[in-house]
$ cat run-v6.txt   # compact mmCIF, C-alpha atoms
# COMPACT_ATOMS: atom_id res chain seq x y z
CA ARG U 263 -71.60 -9.43 -216.26
CA ASP U 264 -69.26 -12.39 -216.45
CA ALA U 265 -68.16 -13.37 -219.96
CA GLU U 266 -66.97 -16.78 -218.77
CA LEU U 267 -70.41 -17.63 -217.40
CA PHE U 268 -72.06 -16.63 -220.69
CA GLU U 269 -69.52 -18.75 -222.58
CA ARG U 270 -70.30 -21.72 -220.31
CA ALA U 271 -74.02 -21.23 -220.91
CA ILE U 272 -73.40 -21.09 -224.66
CA ARG U 273 -71.48 -24.38 -224.50
CA CYS U 274 -74.31 -25.98 -222.49
CA PHE U 275 -76.97 -24.82 -224.97
CA SER U 276 -74.80 -25.97 -227.89
CA ASN U 277 -74.45 -29.38 -226.23
CA ALA U 278 -78.21 -29.54 -225.69
CA LEU U 279 -78.71 -28.94 -229.41
CA GLU U 280 -76.81 -32.18 -230.02
CA GLU U 281 -79.60 -33.95 -228.11
CA PHE U 282 -82.61 -31.94 -229.29
CA GLY U 283 -83.16 -32.10 -233.03
CA GLN U 284 -85.48 -29.80 -234.91
CA GLU U 285 -87.38 -32.80 -236.28
CA SER U 286 -87.36 -35.06 -233.23
CA SER U 287 -87.88 -32.45 -230.45
CA PRO U 288 -89.02 -29.26 -232.16
CA LEU U 289 -90.24 -27.37 -229.07
CA GLU U 290 -87.16 -28.19 -227.01
CA TRP U 291 -84.96 -27.36 -230.00
CA ALA U 292 -86.65 -23.98 -230.47
CA ALA U 293 -86.40 -23.17 -226.75
CA THR U 294 -82.72 -24.11 -226.76
CA GLN U 295 -82.12 -21.97 -229.85
CA TYR U 296 -83.84 -19.07 -228.08
CA ASN U 297 -81.70 -19.53 -224.97
CA LEU U 298 -78.56 -19.83 -227.11
CA GLY U 299 -79.55 -16.56 -228.77
CA THR U 300 -80.08 -14.84 -225.44
CA ALA U 301 -76.72 -15.99 -224.05
CA ASN U 302 -74.92 -14.86 -227.21
CA GLN U 303 -76.79 -11.56 -227.24
CA SER U 304 -75.70 -10.91 -223.66
CA LEU U 305 -72.11 -11.89 -224.40
CA GLY U 306 -72.03 -9.71 -227.51
CA ARG U 307 -73.29 -6.71 -225.56
CA LEU U 308 -70.85 -7.33 -222.73
CA LEU U 309 -67.82 -7.70 -224.97
CA GLU U 310 -69.07 -5.31 -227.65
CA ALA U 311 -68.37 -8.10 -230.14
CA THR U 312 -70.19 -8.79 -233.38
CA GLN U 313 -69.60 -12.55 -233.62
CA PRO U 314 -71.84 -13.50 -230.66
CA LEU U 315 -74.51 -11.09 -231.92
CA ASN U 316 -74.40 -12.73 -235.34
CA ILE U 317 -74.82 -16.12 -233.66
CA ALA U 318 -77.72 -14.71 -231.61
CA VAL U 319 -79.47 -13.52 -234.77
CA ASP U 320 -79.03 -16.97 -236.34
CA ALA U 321 -80.28 -18.73 -233.20
CA TYR U 322 -83.39 -16.54 -232.91
CA THR U 323 -84.06 -17.03 -236.62
CA ASN U 324 -83.76 -20.79 -236.10
CA ALA U 325 -86.25 -20.69 -233.21
CA LEU U 326 -88.71 -18.91 -235.50
CA LEU U 327 -88.66 -21.93 -237.81
CA VAL U 328 -90.66 -23.75 -235.11
CA TRP U 329 -92.27 -20.93 -233.17
CA THR U 330 -94.52 -19.46 -235.82
CA ARG U 331 -96.98 -16.68 -235.18
CA GLU U 332 -99.86 -19.08 -235.81
CA LYS U 333 -98.66 -22.01 -233.68
CA SER U 334 -96.78 -20.25 -230.87
CA PRO U 335 -97.77 -16.56 -230.91
CA GLN U 336 -96.29 -15.66 -227.52
CA ASP U 337 -92.96 -17.39 -228.15
CA TRP U 338 -92.89 -15.90 -231.66
CA MET U 339 -93.49 -12.41 -230.30
CA TYR U 340 -90.78 -12.66 -227.62
CA THR U 341 -88.35 -14.09 -230.16
CA MET U 342 -89.09 -11.28 -232.62
CA HIS U 343 -88.46 -8.76 -229.85
CA GLN U 344 -85.13 -10.34 -228.94
CA LEU U 345 -84.18 -10.61 -232.61
CA GLY U 346 -84.85 -6.88 -232.92
CA ALA U 347 -82.69 -6.18 -229.88
CA SER U 348 -79.81 -8.29 -231.21
CA LEU U 349 -79.98 -6.66 -234.63
CA HIS U 350 -80.05 -3.20 -233.06
CA THR U 351 -76.94 -3.88 -230.98
CA PHE U 352 -75.30 -5.53 -233.99
CA GLY U 353 -76.08 -2.43 -236.06
CA LYS U 354 -74.61 -0.11 -233.46
CA LEU U 355 -71.35 -2.07 -233.45
CA LEU U 356 -71.15 -2.34 -237.23
CA LYS U 357 -72.52 1.15 -237.76
CA GLY U 358 -74.72 -0.64 -240.26
CA ASN U 359 -78.04 0.65 -241.48
CA ARG U 360 -79.02 -2.77 -242.82
CA GLN U 361 -79.00 -4.24 -239.31
CA PHE U 362 -81.04 -1.30 -238.03
CA GLN U 363 -83.56 -1.80 -240.83
CA LYS U 364 -83.90 -5.50 -239.99
CA SER U 365 -84.31 -4.58 -236.32
CA VAL U 366 -87.15 -2.18 -237.13
CA VAL U 367 -88.89 -4.96 -239.08
CA ALA U 368 -88.46 -7.47 -236.24
CA TYR U 369 -89.92 -5.00 -233.74
CA LYS U 370 -92.78 -4.22 -236.12
CA ASN U 371 -93.50 -7.95 -236.38
CA ALA U 372 -93.52 -8.26 -232.58
CA LEU U 373 -95.92 -5.30 -232.34
CA ALA U 374 -98.37 -7.12 -234.62
CA ALA U 375 -98.82 -9.78 -231.94
CA LEU U 376 -99.17 -7.43 -228.96
CA ASP U 377 -102.14 -5.75 -227.37
CA ALA U 378 -102.28 -3.37 -224.43
CA ASP U 379 -104.67 -5.49 -222.38
CA ASP U 380 -102.58 -8.66 -222.29
CA TYR U 381 -99.06 -7.35 -222.95
CA ALA U 382 -98.91 -3.73 -221.84
CA LEU U 383 -95.31 -3.83 -220.63
CA GLU U 384 -94.10 -5.73 -223.69
CA LEU U 385 -96.02 -3.37 -225.98
CA THR U 386 -94.49 -0.33 -224.29
CA ALA U 387 -90.99 -1.81 -224.42
CA THR U 388 -91.31 -2.84 -228.06
CA HIS U 389 -92.54 0.60 -229.15
CA ASN U 390 -89.73 2.20 -227.15
CA ASN U 391 -87.03 -0.13 -228.52
CA ARG U 392 -88.31 0.34 -232.06
CA ALA U 393 -88.15 4.09 -231.51
CA VAL U 394 -84.54 3.92 -230.35
CA THR U 395 -83.64 1.87 -233.41
CA LEU U 396 -85.47 4.27 -235.72
CA GLN U 397 -83.67 7.16 -234.06
CA HIS U 398 -80.27 5.55 -234.69
CA LEU U 399 -81.27 4.72 -238.26
CA GLY U 400 -82.60 8.22 -238.90
CA GLU U 401 -79.45 9.82 -237.54
CA SER U 402 -77.24 7.48 -239.56
CA GLU U 403 -79.18 8.08 -242.76
CA GLU U 404 -79.72 11.76 -241.95
CA ASN U 405 -83.38 11.02 -242.67
CA PRO U 406 -85.91 13.26 -240.89
CA ASP U 407 -88.78 10.92 -241.82
CA ARG U 408 -87.17 8.12 -239.79
CA LEU U 409 -86.82 10.53 -236.87
CA LYS U 410 -90.51 11.45 -237.14
CA GLU U 411 -91.35 7.75 -237.13
CA ALA U 412 -89.17 7.35 -234.04
CA ILE U 413 -91.04 10.15 -232.28
CA THR U 414 -94.36 8.50 -233.15
CA SER U 415 -93.14 5.21 -231.72
CA TYR U 416 -91.91 6.93 -228.52
CA GLU U 417 -95.33 8.58 -228.21
CA LYS U 418 -97.10 5.23 -228.62
CA ALA U 419 -94.91 3.75 -225.87
CA LEU U 420 -95.78 6.65 -223.59
CA THR U 421 -99.48 6.40 -224.41
CA VAL U 422 -99.63 2.69 -223.61
CA SER U 423 -97.65 3.24 -220.43
CA MET U 424 -99.94 6.03 -219.26
CA GLU U 425 -103.17 4.28 -220.24
CA GLN U 426 -102.15 1.05 -218.52
CA GLN U 427 -100.69 2.97 -215.55
CA LEU U 428 -97.40 1.12 -215.83
CA PRO U 429 -94.88 2.04 -213.10
CA ILE U 430 -92.18 3.08 -215.57
$ encode --input "run-v6.txt" --output "structure tokens"
Amino acid sequence: RDAELFERAIRCFSNALEEFGQESSPLEWAATQYNLGTANQSLGRLLEATQPLNIAVDAYTNALLVWTREKSPQDWMYTMHQLGASLHTFGKLLKGNRQFQKSVVAYKNALAALDADDYALELTATHNNRAVTLQHLGESEENPDRLKEAITSYEKALTVSMEQQLPI
């Protein structure tokens, strides 16, 4: 909860990107982009500021250039989840339905790579986070179909949690 520490981390990751190129060190570059996204996402939430969230979205999107679903499914899934979280927070600050819509898509993409046996907690969290985003979108649009979709996603999160006996 220290903005200065997040800003220092952001500077460090930005400096690392001067050393790791997408072409020369693709895996290190993608990991650094992911970490840059996470630091900016945290700073944006802490300060309730859109600029770091916008940078986080760009950084996660950059990481996805290397971490594809086919080549790096786990990294891709985690990045999609974090992209969804950043877009959701961004949408709340902007009161923007477009960001919420993008967040729903990112979460849906992450769900495509998850199964209850290997990723029960992540599956539960992604369904839950998607539901929250759909709820905000449905309320903003005054769209009962979005709210029904949110309820379905909440129910899926609960089902996975109960079936896998997660201590949530």
$ residues_around --input "run-v6.txt" --residues "range 270-279 of chain U" --least-positions-apart "6" --cutoff "12 Å" --atoms "all atoms listed in the file" --output "ChimeraX atom specification"
/U:264,285-306,314,317-318,321,324-325
$ residues_near_point --input "run-v6.txt" --point "(-93.2, -0.7, -227.4)" --cutoff "8 Å" --atoms "all atoms listed in the file" --output "MDAnalysis selection string"
chainID U and resid 373 383:392 415:416 418:419
$ closest_atom_pairs --input "run-v6.txt" --of "range 360-381 of chain U" --to "range 401-413 of chain U" --cutoff "12 Å" --atoms "all atoms listed in the file" --output "Markdown table"
| residue | atom | partner | partner_atom | distance |
| --- | --- | --- | --- | --- |
| U:Arg360 | CA | U:Glu403 | CA | 10.9 |
| U:Gln361 | CA | U:Ser402 | CA | 11.9 |
| U:Phe362 | CA | U:Ser402 | CA | 9.7 |
| U:Gln363 | CA | U:Arg408 | CA | 10.6 |
| U:Val366 | CA | U:Ala412 | CA | 10.2 |
$ closest_residue --input "run-v6.txt" --among "U:Leu308, U:Gln397, U:Phe352, U:Gly346" --to "Lys370 in chain U" --atoms "only C-alpha atoms"
U:Gly346
$ closest_residue --input "run-v6.txt" --among "U:Thr323, U:Gly353, U:Asn359, U:Phe268" --to "Gly400 in chain U" --atoms "all atoms listed in the file"
U:Asn359
$ residues_around --input "run-v6.txt" --residues "Leu345 in chain U" --least-positions-apart "4" --cutoff "8 Å" --atoms "all atoms listed in the file" --output "ChimeraX atom specification"
/U:318-319,322-323,341,349,365,368
$ closest_residue --input "run-v6.txt" --among "U:Leu355, U:Leu396, U:Ala375, U:Val422" --to "His343 in chain U" --atoms "all atoms listed in the file"
U:Ala375
$ atom_distance --input "run-v6.txt" --atom1 "CA of Ala374 in chain U" --atom2 "CA of Arg331 in chain U"
9.7 Å
$ atom_distance --input "run-v6.txt" --atom1 "CA of Tyr340 in chain U" --atom2 "CA of Asn371 in chain U"
10.3 Å
$ atom_distance --input "run-v6.txt" --atom1 "CA of Met342 in chain U" --atom2 "CA of Asp379 in chain U"
19.5 Å
$ closest_residue --input "run-v6.txt" --among "U:Asn316, U:Leu376, U:His350, U:Ser423" --to "Pro335 in chain U" --atoms "only C-alpha atoms"
U:Leu376
$ closest_residue --input "run-v6.txt" --among "U:Gln344, U:Ala393, U:Ala382, U:Glu269" --to "Glu425 in chain U" --atoms "only C-alpha atoms"
U:Ala382
$ closest_residue --input "run-v6.txt" --among "U:Lys354, U:Ala311, U:Met339, U:Leu399" --to "Ala372 in chain U" --atoms "only C-alpha atoms"
U:Met339
$ axis_aligned_box --input "run-v6.txt" --around "range 389-397 of chain U" --padding-each-side "8 Å" --output "JSON"
{"center_x": -88.1, "center_y": 3.5, "center_z": -231.4, "size_x": 24.9, "size_y": 23.3, "size_z": 24.6}
